[in-house]
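structure_13.txt (compact mmCIF, N, CA and C atoms and all ligand atoms)
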```
# COMPACT_ATOMS: atom_id res chain seq x y z
N MET S 1 10.73 129.41 -91.02
CA MET S 1 11.86 129.11 -91.92
C MET S 1 11.40 128.56 -93.27
N SER S 2 10.10 128.44 -93.45
CA SER S 2 9.64 127.75 -94.65
C SER S 2 9.93 128.52 -95.94
N ASN S 3 10.44 129.74 -95.81
CA ASN S 3 10.79 130.48 -97.04
C ASN S 3 12.28 130.42 -97.34
N ARG S 4 12.99 129.46 -96.70
CA ARG S 4 14.43 129.36 -96.97
C ARG S 4 14.82 127.95 -97.38
N THR S 5 15.83 127.85 -98.25
CA THR S 5 16.40 126.55 -98.59
C THR S 5 17.92 126.68 -98.59
N PHE S 6 18.58 125.54 -98.71
CA PHE S 6 20.04 125.51 -98.69
C PHE S 6 20.53 124.86 -99.98
N THR S 7 21.60 125.40 -100.54
CA THR S 7 22.18 124.82 -101.76
C THR S 7 23.70 124.73 -101.68
N MET S 8 24.25 123.81 -102.45
CA MET S 8 25.70 123.80 -102.70
C MET S 8 25.89 123.71 -104.21
N ILE S 9 26.80 124.51 -104.73
CA ILE S 9 27.28 124.32 -106.10
C ILE S 9 28.45 123.35 -105.96
N LYS S 10 28.30 122.16 -106.53
CA LYS S 10 29.18 121.03 -106.23
C LYS S 10 30.54 121.15 -106.95
N PRO S 11 31.51 120.28 -106.57
CA PRO S 11 32.87 120.40 -107.13
C PRO S 11 32.93 120.30 -108.67
N ASP S 12 32.05 119.51 -109.29
CA ASP S 12 32.08 119.41 -110.76
C ASP S 12 31.77 120.76 -111.41
N ALA S 13 30.74 121.42 -110.90
CA ALA S 13 30.34 122.72 -111.46
C ALA S 13 31.39 123.79 -111.16
N THR S 14 32.01 123.70 -109.98
CA THR S 14 33.08 124.65 -109.64
C THR S 14 34.24 124.48 -110.62
N ARG S 15 34.65 123.20 -110.83
CA ARG S 15 35.79 122.92 -111.74
C ARG S 15 35.54 123.41 -113.15
N LYS S 16 34.28 123.28 -113.61
CA LYS S 16 33.94 123.68 -114.99
C LYS S 16 33.74 125.18 -115.15
N GLY S 17 33.81 125.92 -114.04
CA GLY S 17 33.64 127.38 -114.13
C GLY S 17 32.20 127.80 -114.27
N ASN S 18 31.26 126.98 -113.74
CA ASN S 18 29.83 127.28 -113.89
C ASN S 18 29.21 127.98 -112.69
N THR S 19 30.03 128.35 -111.71
CA THR S 19 29.46 128.94 -110.48
C THR S 19 28.66 130.21 -110.80
N GLY S 20 29.25 131.09 -111.57
CA GLY S 20 28.58 132.37 -111.87
C GLY S 20 27.27 132.18 -112.62
N ALA S 21 27.28 131.30 -113.62
CA ALA S 21 26.07 131.06 -114.41
C ALA S 21 24.96 130.46 -113.55
N ILE S 22 25.34 129.57 -112.63
CA ILE S 22 24.32 128.95 -111.76
C ILE S 22 23.76 129.99 -110.79
N LEU S 23 24.64 130.82 -110.21
CA LEU S 23 24.15 131.87 -109.29
C LEU S 23 23.22 132.83 -110.03
N GLN S 24 23.54 133.11 -111.28
CA GLN S 24 22.68 134.00 -112.08
C GLN S 24 21.29 133.40 -112.27
N MET S 25 21.24 132.08 -112.54
CA MET S 25 19.93 131.42 -112.69
C MET S 25 19.15 131.45 -111.38
N ILE S 26 19.87 131.27 -110.28
CA ILE S 26 19.22 131.28 -108.96
C ILE S 26 18.61 132.66 -108.69
N ASN S 27 19.36 133.71 -108.96
CA ASN S 27 18.83 135.07 -108.77
C ASN S 27 17.69 135.37 -109.74
N ALA S 28 17.84 134.95 -110.99
CA ALA S 28 16.81 135.22 -112.00
C ALA S 28 15.50 134.52 -111.65
N ALA S 29 15.58 133.41 -110.92
CA ALA S 29 14.37 132.67 -110.52
C ALA S 29 13.73 133.28 -109.27
N GLY S 30 14.31 134.36 -108.75
CA GLY S 30 13.67 135.09 -107.66
C GLY S 30 14.17 134.75 -106.27
N PHE S 31 15.27 134.00 -106.18
CA PHE S 31 15.83 133.68 -104.86
C PHE S 31 16.80 134.78 -104.44
N ARG S 32 16.73 135.14 -103.15
CA ARG S 32 17.67 136.10 -102.58
C ARG S 32 18.72 135.32 -101.81
N ILE S 33 19.99 135.62 -102.06
CA ILE S 33 21.08 134.93 -101.36
C ILE S 33 21.24 135.59 -99.99
N VAL S 34 21.02 134.82 -98.91
CA VAL S 34 21.08 135.40 -97.56
C VAL S 34 22.31 134.90 -96.78
N ALA S 35 23.09 133.99 -97.40
CA ALA S 35 24.37 133.53 -96.85
C ALA S 35 25.10 132.85 -97.99
N MET S 36 26.44 133.01 -98.05
CA MET S 36 27.18 132.32 -99.11
C MET S 36 28.66 132.25 -98.76
N LYS S 37 29.28 131.09 -99.06
CA LYS S 37 30.74 130.98 -98.92
C LYS S 37 31.26 129.82 -99.77
N MET S 38 32.56 129.91 -100.12
CA MET S 38 33.23 128.85 -100.83
C MET S 38 34.03 128.04 -99.82
N VAL S 39 33.91 126.70 -99.90
CA VAL S 39 34.51 125.81 -98.90
C VAL S 39 35.06 124.58 -99.61
N HIS S 40 36.22 124.06 -99.15
CA HIS S 40 36.66 122.74 -99.59
C HIS S 40 36.42 121.78 -98.42
N LEU S 41 35.40 120.94 -98.53
CA LEU S 41 35.04 120.02 -97.45
C LEU S 41 36.10 118.94 -97.29
N SER S 42 36.45 118.60 -96.05
CA SER S 42 37.25 117.40 -95.80
C SER S 42 36.35 116.19 -96.02
N GLU S 43 36.96 115.01 -96.16
CA GLU S 43 36.14 113.79 -96.26
C GLU S 43 35.27 113.63 -95.03
N ALA S 44 35.82 113.95 -93.87
CA ALA S 44 35.05 113.80 -92.62
C ALA S 44 33.83 114.71 -92.61
N LYS S 45 34.01 115.95 -93.04
CA LYS S 45 32.89 116.91 -93.05
C LYS S 45 31.84 116.52 -94.10
N ALA S 46 32.31 116.08 -95.28
CA ALA S 46 31.35 115.64 -96.31
C ALA S 46 30.57 114.41 -95.81
N GLY S 47 31.27 113.52 -95.13
CA GLY S 47 30.62 112.34 -94.58
C GLY S 47 29.57 112.68 -93.55
N GLU S 48 29.87 113.71 -92.74
CA GLU S 48 28.92 114.16 -91.72
C GLU S 48 27.69 114.79 -92.38
N PHE S 49 27.94 115.61 -93.40
CA PHE S 49 26.82 116.27 -94.07
C PHE S 49 25.87 115.24 -94.68
N TYR S 50 26.43 114.18 -95.28
CA TYR S 50 25.61 113.17 -95.97
C TYR S 50 25.38 111.91 -95.13
N ALA S 51 25.52 112.05 -93.79
CA ALA S 51 25.37 110.88 -92.91
C ALA S 51 24.06 110.14 -93.13
N VAL S 52 23.02 110.87 -93.52
CA VAL S 52 21.72 110.24 -93.77
C VAL S 52 21.80 109.16 -94.87
N HIS S 53 22.81 109.29 -95.75
CA HIS S 53 22.98 108.34 -96.86
C HIS S 53 24.03 107.26 -96.55
N ALA S 54 24.47 107.18 -95.30
CA ALA S 54 25.61 106.30 -94.96
C ALA S 54 25.39 104.84 -95.37
N GLN S 55 24.15 104.39 -95.39
CA GLN S 55 23.88 102.99 -95.74
C GLN S 55 23.69 102.76 -97.24
N ARG S 56 23.67 103.84 -98.01
CA ARG S 56 23.43 103.70 -99.46
C ARG S 56 24.72 103.24 -100.14
N PRO S 57 24.59 102.45 -101.23
CA PRO S 57 25.78 101.91 -101.89
C PRO S 57 26.71 102.98 -102.47
N PHE S 58 26.16 104.15 -102.77
CA PHE S 58 26.98 105.20 -103.41
C PHE S 58 27.61 106.15 -102.38
N TYR S 59 27.45 105.87 -101.09
CA TYR S 59 27.92 106.82 -100.05
C TYR S 59 29.41 107.15 -100.19
N GLY S 60 30.26 106.12 -100.37
CA GLY S 60 31.70 106.35 -100.47
C GLY S 60 32.04 107.23 -101.66
N GLU S 61 31.39 106.94 -102.79
CA GLU S 61 31.60 107.74 -104.01
C GLU S 61 31.15 109.19 -103.78
N LEU S 62 30.00 109.34 -103.13
CA LEU S 62 29.44 110.66 -102.88
C LEU S 62 30.38 111.49 -101.99
N VAL S 63 30.87 110.88 -100.93
CA VAL S 63 31.76 111.59 -100.00
C VAL S 63 33.09 111.93 -100.70
N GLY S 64 33.61 110.99 -101.48
CA GLY S 64 34.84 111.24 -102.23
C GLY S 64 34.67 112.40 -103.20
N PHE S 65 33.56 112.40 -103.91
CA PHE S 65 33.29 113.46 -104.88
C PHE S 65 33.10 114.81 -104.20
N MET S 66 32.31 114.84 -103.13
CA MET S 66 32.01 116.12 -102.49
C MET S 66 33.21 116.74 -101.78
N SER S 67 34.24 115.90 -101.52
CA SER S 67 35.47 116.44 -100.91
C SER S 67 36.60 116.56 -101.93
N SER S 68 36.26 116.46 -103.23
CA SER S 68 37.29 116.45 -104.28
C SER S 68 37.71 117.85 -104.72
N GLY S 69 37.01 118.88 -104.26
CA GLY S 69 37.34 120.25 -104.65
C GLY S 69 36.37 121.21 -103.99
N PRO S 70 36.59 122.50 -104.17
CA PRO S 70 35.73 123.48 -103.50
C PRO S 70 34.28 123.46 -103.98
N ILE S 71 33.41 123.83 -103.07
CA ILE S 71 31.99 124.03 -103.38
C ILE S 71 31.61 125.44 -102.97
N THR S 72 30.47 125.92 -103.45
CA THR S 72 29.89 127.16 -102.94
C THR S 72 28.61 126.80 -102.20
N ALA S 73 28.56 127.10 -100.91
CA ALA S 73 27.38 126.83 -100.09
C ALA S 73 26.60 128.13 -99.95
N ALA S 74 25.26 128.04 -99.97
CA ALA S 74 24.45 129.25 -99.84
C ALA S 74 23.08 128.94 -99.24
N ILE S 75 22.54 129.91 -98.53
CA ILE S 75 21.15 129.86 -98.07
C ILE S 75 20.36 130.82 -98.94
N LEU S 76 19.21 130.35 -99.42
CA LEU S 76 18.40 131.11 -100.37
C LEU S 76 17.02 131.38 -99.79
N GLU S 77 16.50 132.57 -100.07
CA GLU S 77 15.19 132.95 -99.54
C GLU S 77 14.22 133.27 -100.67
N LYS S 78 13.01 132.75 -100.53
CA LYS S 78 11.94 133.00 -101.52
C LYS S 78 10.68 132.35 -100.95
N ASP S 79 9.51 132.81 -101.31
CA ASP S 79 8.30 132.07 -100.93
C ASP S 79 8.40 130.66 -101.49
N ASN S 80 7.99 129.68 -100.70
CA ASN S 80 7.98 128.27 -101.16
C ASN S 80 9.36 127.81 -101.64
N ALA S 81 10.40 128.23 -100.92
CA ALA S 81 11.78 128.07 -101.38
C ALA S 81 12.18 126.61 -101.66
N VAL S 82 11.86 125.70 -100.75
CA VAL S 82 12.35 124.32 -100.91
C VAL S 82 11.78 123.70 -102.20
N GLU S 83 10.47 123.80 -102.36
CA GLU S 83 9.83 123.17 -103.52
C GLU S 83 10.24 123.88 -104.83
N ASP S 84 10.23 125.20 -104.81
CA ASP S 84 10.57 125.94 -106.03
C ASP S 84 12.04 125.70 -106.44
N PHE S 85 12.92 125.55 -105.45
CA PHE S 85 14.33 125.31 -105.80
C PHE S 85 14.52 123.91 -106.36
N ARG S 86 13.80 122.92 -105.80
CA ARG S 86 13.90 121.56 -106.35
C ARG S 86 13.44 121.56 -107.82
N LYS S 87 12.42 122.39 -108.12
CA LYS S 87 11.96 122.50 -109.52
C LYS S 87 13.03 123.14 -110.38
N LEU S 88 13.69 124.16 -109.87
CA LEU S 88 14.72 124.87 -110.64
C LEU S 88 15.92 123.96 -110.92
N ILE S 89 16.28 123.07 -109.99
CA ILE S 89 17.47 122.24 -110.21
C ILE S 89 17.15 120.99 -111.04
N GLY S 90 15.94 120.46 -110.95
CA GLY S 90 15.56 119.29 -111.75
C GLY S 90 15.92 117.98 -111.05
N SER S 91 15.61 116.86 -111.70
CA SER S 91 15.79 115.53 -111.11
C SER S 91 17.25 115.24 -110.78
N THR S 92 17.44 114.35 -109.78
CA THR S 92 18.78 113.96 -109.33
C THR S 92 19.65 113.51 -110.50
N ASN S 93 19.07 112.67 -111.36
CA ASN S 93 19.77 112.20 -112.56
C ASN S 93 19.51 113.18 -113.71
N PRO S 94 20.55 113.84 -114.21
CA PRO S 94 20.33 114.86 -115.26
C PRO S 94 19.64 114.30 -116.51
N ALA S 95 19.78 112.99 -116.72
CA ALA S 95 19.11 112.37 -117.88
C ALA S 95 17.58 112.48 -117.75
N ASP S 96 17.09 112.58 -116.51
CA ASP S 96 15.64 112.69 -116.26
C ASP S 96 15.21 114.13 -116.00
N ALA S 97 16.15 115.06 -115.93
CA ALA S 97 15.84 116.44 -115.54
C ALA S 97 15.14 117.18 -116.69
N ALA S 98 14.17 118.03 -116.31
CA ALA S 98 13.41 118.80 -117.31
C ALA S 98 14.32 119.80 -118.01
N GLU S 99 13.94 120.12 -119.26
CA GLU S 99 14.66 121.14 -120.03
C GLU S 99 14.71 122.45 -119.26
N GLY S 100 15.84 123.12 -119.31
CA GLY S 100 15.96 124.44 -118.69
C GLY S 100 16.32 124.40 -117.22
N THR S 101 16.37 123.20 -116.62
CA THR S 101 16.77 123.11 -115.21
C THR S 101 18.29 123.16 -115.08
N ILE S 102 18.75 123.49 -113.88
CA ILE S 102 20.19 123.64 -113.66
C ILE S 102 20.91 122.31 -113.93
N ARG S 103 20.34 121.22 -113.45
CA ARG S 103 21.01 119.93 -113.67
C ARG S 103 21.00 119.53 -115.15
N LYS S 104 19.91 119.83 -115.86
CA LYS S 104 19.88 119.53 -117.30
C LYS S 104 20.99 120.29 -118.02
N LEU S 105 21.19 121.54 -117.60
CA LEU S 105 22.16 122.40 -118.30
C LEU S 105 23.60 122.10 -117.90
N PHE S 106 23.82 121.74 -116.61
CA PHE S 106 25.20 121.73 -116.11
C PHE S 106 25.69 120.40 -115.55
N ALA S 107 24.79 119.41 -115.33
CA ALA S 107 25.22 118.17 -114.68
C ALA S 107 25.60 117.11 -115.71
N ALA S 108 26.60 116.28 -115.35
CA ALA S 108 27.09 115.25 -116.26
C ALA S 108 26.51 113.88 -115.94
N SER S 109 26.19 113.62 -114.67
CA SER S 109 25.75 112.28 -114.27
C SER S 109 24.99 112.37 -112.95
N ILE S 110 24.42 111.23 -112.53
CA ILE S 110 23.64 111.22 -111.27
C ILE S 110 24.54 111.55 -110.07
N GLY S 111 25.81 111.21 -110.14
CA GLY S 111 26.73 111.50 -109.04
C GLY S 111 27.21 112.94 -109.12
N GLU S 112 27.72 113.31 -110.29
CA GLU S 112 28.27 114.66 -110.48
C GLU S 112 27.16 115.55 -111.04
N ASN S 113 26.26 115.94 -110.16
CA ASN S 113 25.05 116.59 -110.65
C ASN S 113 24.93 118.08 -110.30
N ALA S 114 26.07 118.73 -110.23
CA ALA S 114 26.19 120.21 -110.25
C ALA S 114 25.71 120.95 -109.00
N VAL S 115 24.54 120.56 -108.47
CA VAL S 115 23.98 121.32 -107.34
C VAL S 115 23.27 120.41 -106.35
N HIS S 116 23.22 120.90 -105.11
CA HIS S 116 22.40 120.29 -104.06
C HIS S 116 21.24 121.22 -103.76
N GLY S 117 20.09 120.67 -103.43
CA GLY S 117 18.97 121.46 -102.91
C GLY S 117 18.28 120.69 -101.80
N SER S 118 18.01 121.35 -100.68
CA SER S 118 17.37 120.68 -99.54
C SER S 118 16.03 120.07 -99.96
N ASP S 119 15.66 118.96 -99.28
CA ASP S 119 14.41 118.28 -99.65
C ASP S 119 13.26 118.58 -98.68
N SER S 120 13.50 119.37 -97.63
CA SER S 120 12.41 119.73 -96.70
C SER S 120 12.82 121.00 -95.95
N ASP S 121 11.84 121.67 -95.34
CA ASP S 121 12.14 122.86 -94.54
C ASP S 121 13.05 122.49 -93.38
N GLU S 122 12.79 121.33 -92.78
CA GLU S 122 13.58 120.89 -91.62
C GLU S 122 15.04 120.70 -92.03
N ASN S 123 15.27 120.01 -93.13
CA ASN S 123 16.65 119.78 -93.58
C ASN S 123 17.31 121.08 -94.07
N ALA S 124 16.53 121.99 -94.64
CA ALA S 124 17.10 123.28 -95.07
C ALA S 124 17.72 124.00 -93.88
N LYS S 125 17.02 123.97 -92.74
CA LYS S 125 17.53 124.64 -91.53
C LYS S 125 18.78 123.91 -91.00
N ILE S 126 18.71 122.57 -90.93
CA ILE S 126 19.86 121.79 -90.43
C ILE S 126 21.08 122.03 -91.32
N GLU S 127 20.87 121.97 -92.64
CA GLU S 127 21.98 122.09 -93.59
C GLU S 127 22.57 123.50 -93.60
N GLY S 128 21.71 124.52 -93.54
CA GLY S 128 22.19 125.90 -93.49
C GLY S 128 23.02 126.14 -92.24
N ASP S 129 22.53 125.61 -91.11
CA ASP S 129 23.25 125.80 -89.84
C ASP S 129 24.55 124.99 -89.79
N PHE S 130 24.67 123.94 -90.63
CA PHE S 130 25.90 123.15 -90.72
C PHE S 130 27.05 124.03 -91.25
N PHE S 131 26.71 124.94 -92.16
CA PHE S 131 27.75 125.77 -92.81
C PHE S 131 27.86 127.18 -92.24
N PHE S 132 26.74 127.73 -91.73
CA PHE S 132 26.74 129.16 -91.39
C PHE S 132 26.30 129.39 -89.95
N SER S 133 27.04 130.24 -89.24
CA SER S 133 26.63 130.67 -87.90
C SER S 133 25.48 131.67 -88.05
N LYS S 134 24.84 131.99 -86.96
CA LYS S 134 23.75 132.99 -86.99
C LYS S 134 24.24 134.33 -87.54
N LEU S 135 25.49 134.69 -87.20
CA LEU S 135 26.06 135.96 -87.65
C LEU S 135 26.27 136.01 -89.15
N GLU S 136 26.32 134.83 -89.79
CA GLU S 136 26.58 134.78 -91.24
C GLU S 136 25.30 134.60 -92.07
N GLN S 137 24.14 134.59 -91.40
CA GLN S 137 22.86 134.44 -92.10
C GLN S 137 22.11 135.75 -92.05
N PHE S 138 21.81 136.34 -93.23
CA PHE S 138 21.27 137.72 -93.24
C PHE S 138 19.79 137.77 -93.62
P1 LIG S 201 19.01 114.84 -104.40
O1 LIG S 201 18.14 115.18 -103.21
O2 LIG S 201 18.34 115.11 -105.72
O3 LIG S 201 20.38 115.48 -104.32
O4 LIG S 201 19.25 113.24 -104.39
P2 LIG S 201 19.48 112.20 -103.21
O5 LIG S 201 19.16 112.81 -101.87
O6 LIG S 201 18.78 110.95 -103.59
O7 LIG S 201 21.05 111.90 -103.28
C1 LIG S 201 21.98 112.80 -102.75
C2 LIG S 201 23.15 112.91 -103.71
O8 LIG S 201 23.81 111.65 -103.78
C3 LIG S 201 22.77 113.21 -105.17
O9 LIG S 201 22.57 114.57 -105.42
C4 LIG S 201 23.98 112.66 -105.93
O10 LIG S 201 25.07 113.57 -105.91
C5 LIG S 201 24.35 111.44 -105.08
N1 LIG S 201 23.78 110.22 -105.66
C6 LIG S 201 22.49 109.82 -105.67
N2 LIG S 201 22.34 108.63 -106.31
C7 LIG S 201 23.60 108.28 -106.71
C8 LIG S 201 24.15 107.16 -107.43
O11 LIG S 201 23.43 106.24 -107.82
N3 LIG S 201 25.50 107.17 -107.65
C9 LIG S 201 26.32 108.18 -107.19
N4 LIG S 201 27.65 108.12 -107.45
N5 LIG S 201 25.84 109.24 -106.53
C10 LIG S 201 24.51 109.31 -106.29
```

Once more with this new file: its structure as structure tokens, please.
Amino acid sequence: MSNRTFTMIKPDATRKGNTGAILQMINAAGFRIVAMKMVHLSEAKAGEFYAVHAQRPFYGELVGFMSSGPITAAILEKDNAVEDFRKLIGSTNPADAAEGTIRKLFAASIGENAVHGSDSDENAKIEGDFFFSKLEQF
């Protein structure tokens, strides 16, 4: 599975109409979309997805934001997918993100930062399976 990662285009980017531009950057960087859907997460589902952050001070804000509107969830395939995708999206805080990264171009703040990218192969598999059944992964 080390050639796959998981992403979400977050509610801020969806609201601003940036979904298409972000997907275009993802494809242009050599990632193949092997699963994709648009979903409006309930607070409960967003809380489950981010359970690892439950003790962090921003957890409530994060769950509220991620359930505030639709997202696009996708599984992406490429050699070295997890690391290369983290490079493509840039730092968590867009103020620190490198020029030309998705977060530099589309994110407004550390909370509303346009996209999610898995941080390990193990989490990429867990996160992809959270959204997609085997039949929906190509
Ligand atoms: P990531 O792996 O780059 O997404 O960053 P983290 O795993 O550290 O955090 C997960 C998500 O929580 C981030 O993408 C942000 O949406 C959110 N987040 C992180 N730090 C903060 C913060 O200080 N305030 C708020 N409101 N959200 C945060």

* Return the single residue from S:Ile110, S:Ala98, S:Leu62, S:Ile75 that is closest to Ala124 (chain S), with distances computed using all atoms listed in the file. => S:Ile75

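Closest approach to Met36 (chain S) among S:Lys16, S:Arg86, S:Ala74, S:Ala81: S:Ala74, based on only C-alpha atoms.
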
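Those protein and nucleic acid residues that have any atom within 7 Å of ligand LIG 201 (chain S) are, using only N, CA and C atoms and all ligand atoms, Pro57, Phe58, Tyr59, Glu61, Leu62, Gly90, Ser91, Thr92, Asn93, Ile110, Gly111, Glu112, Asn113, Ala114, Val115, His116, Gly117, Ser118 and Asp119 of chain S.
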
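Take CA of Val39 (chain S) and CA of Asp96 (chain S): the distance between them is 28.8 Å.
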
* Asked: Which of these, S:Ala95, S:Met38, S:Ala54, S:Met25, has the shortest distance to Pro70 (chain S) once you count only C-alpha atoms?
  -> S:Met38

* **Long-range neighbours of Ser133 (chain S) as a PyMOL selection string, 12 Å cut-off, only C-alpha atoms, 6 positions minimum in chain** => chain S and resi 35-37+75+125-127

Just-selected residues, N, CA and C atoms written as a short mmCIF file (atom, residue, chain, number, x, y, z; two decimals), in the coordinates of the input:
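result-v7.cif, written as the output of this step:
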```cif
data_model
loop_
_atom_site.label_atom_id
_atom_site.label_comp_id
_atom_site.auth_asym_id
_atom_site.auth_seq_id
_atom_site.Cartn_x
_atom_site.Cartn_y
_atom_site.Cartn_z
N ALA S 35 23.09 133.99 -97.40
CA ALA S 35 24.37 133.53 -96.85
C ALA S 35 25.10 132.85 -97.99
N MET S 36 26.44 133.01 -98.05
CA MET S 36 27.18 132.32 -99.11
C MET S 36 28.66 132.25 -98.76
N LYS S 37 29.28 131.09 -99.06
CA LYS S 37 30.74 130.98 -98.92
C LYS S 37 31.26 129.82 -99.77
N ILE S 75 22.54 129.91 -98.53
CA ILE S 75 21.15 129.86 -98.07
C ILE S 75 20.36 130.82 -98.94
N LYS S 125 17.02 123.97 -92.74
CA LYS S 125 17.53 124.64 -91.53
C LYS S 125 18.78 123.91 -91.00
N ILE S 126 18.71 122.57 -90.93
CA ILE S 126 19.86 121.79 -90.43
C ILE S 126 21.08 122.03 -91.32
N GLU S 127 20.87 121.97 -92.64
CA GLU S 127 21.98 122.09 -93.59
C GLU S 127 22.57 123.50 -93.60
#
```

* For Pro11 (chain S), work out the shell of residues within 7 Å, counting only N, CA and C atoms and skipping chain neighbours fewer than 6 positions away, then give it as a list in words. => Phe65, Met66, Ser68, Gly69, Pro70, Ile71, Thr72 and Ala114 of chain S

* Asked: Please, which residues are within 6 Å of (9.0, 123.9, -97.6) by the file's coordinates, counting only N, CA and C atoms, and could they come as a list of chain:residue names?
  -> S:Ser2, S:Asn80, S:Ala81, S:Val82, S:Glu83, S:Ser120, S:Asp121

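Computed from the coordinates, the atom C of Arg15 (chain S) to atom C of Ala107 (chain S) distance equals 12.0 Å.
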
Size and centre in Å, one decimal, axis-aligned box, all listed region 97-112 of chain S atoms plus 8 Å per side, as AutoDock Vina command-line options:
```
--center_x 20.8 --center_y 117.8 --center_z -114.5 --size_x 30.9 --size_y 29.2 --size_z 27.0
```

* List every residue of region 10-86 of chain S that DSSP, applied to the backbone, labels as strand (DSSP E), and write the result as JSON, numbers by chain. => {"S": [32, 33, 34, 35, 36, 37, 38, 39, 71, 72, 73, 74, 75, 76, 77]}

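These are the residues of region 26-80 of chain S assigned helix (DSSP H, G or I) by DSSP from backbone coordinates: Ile26, Asn27, Ala28, Glu43, Ala44, Lys45, Ala46, Gly47, Glu48, Phe49, Ala51, Val52, His53, Tyr59, Gly60, Glu61, Leu62, Val63, Gly64, Phe65 and Met66 of chain S.
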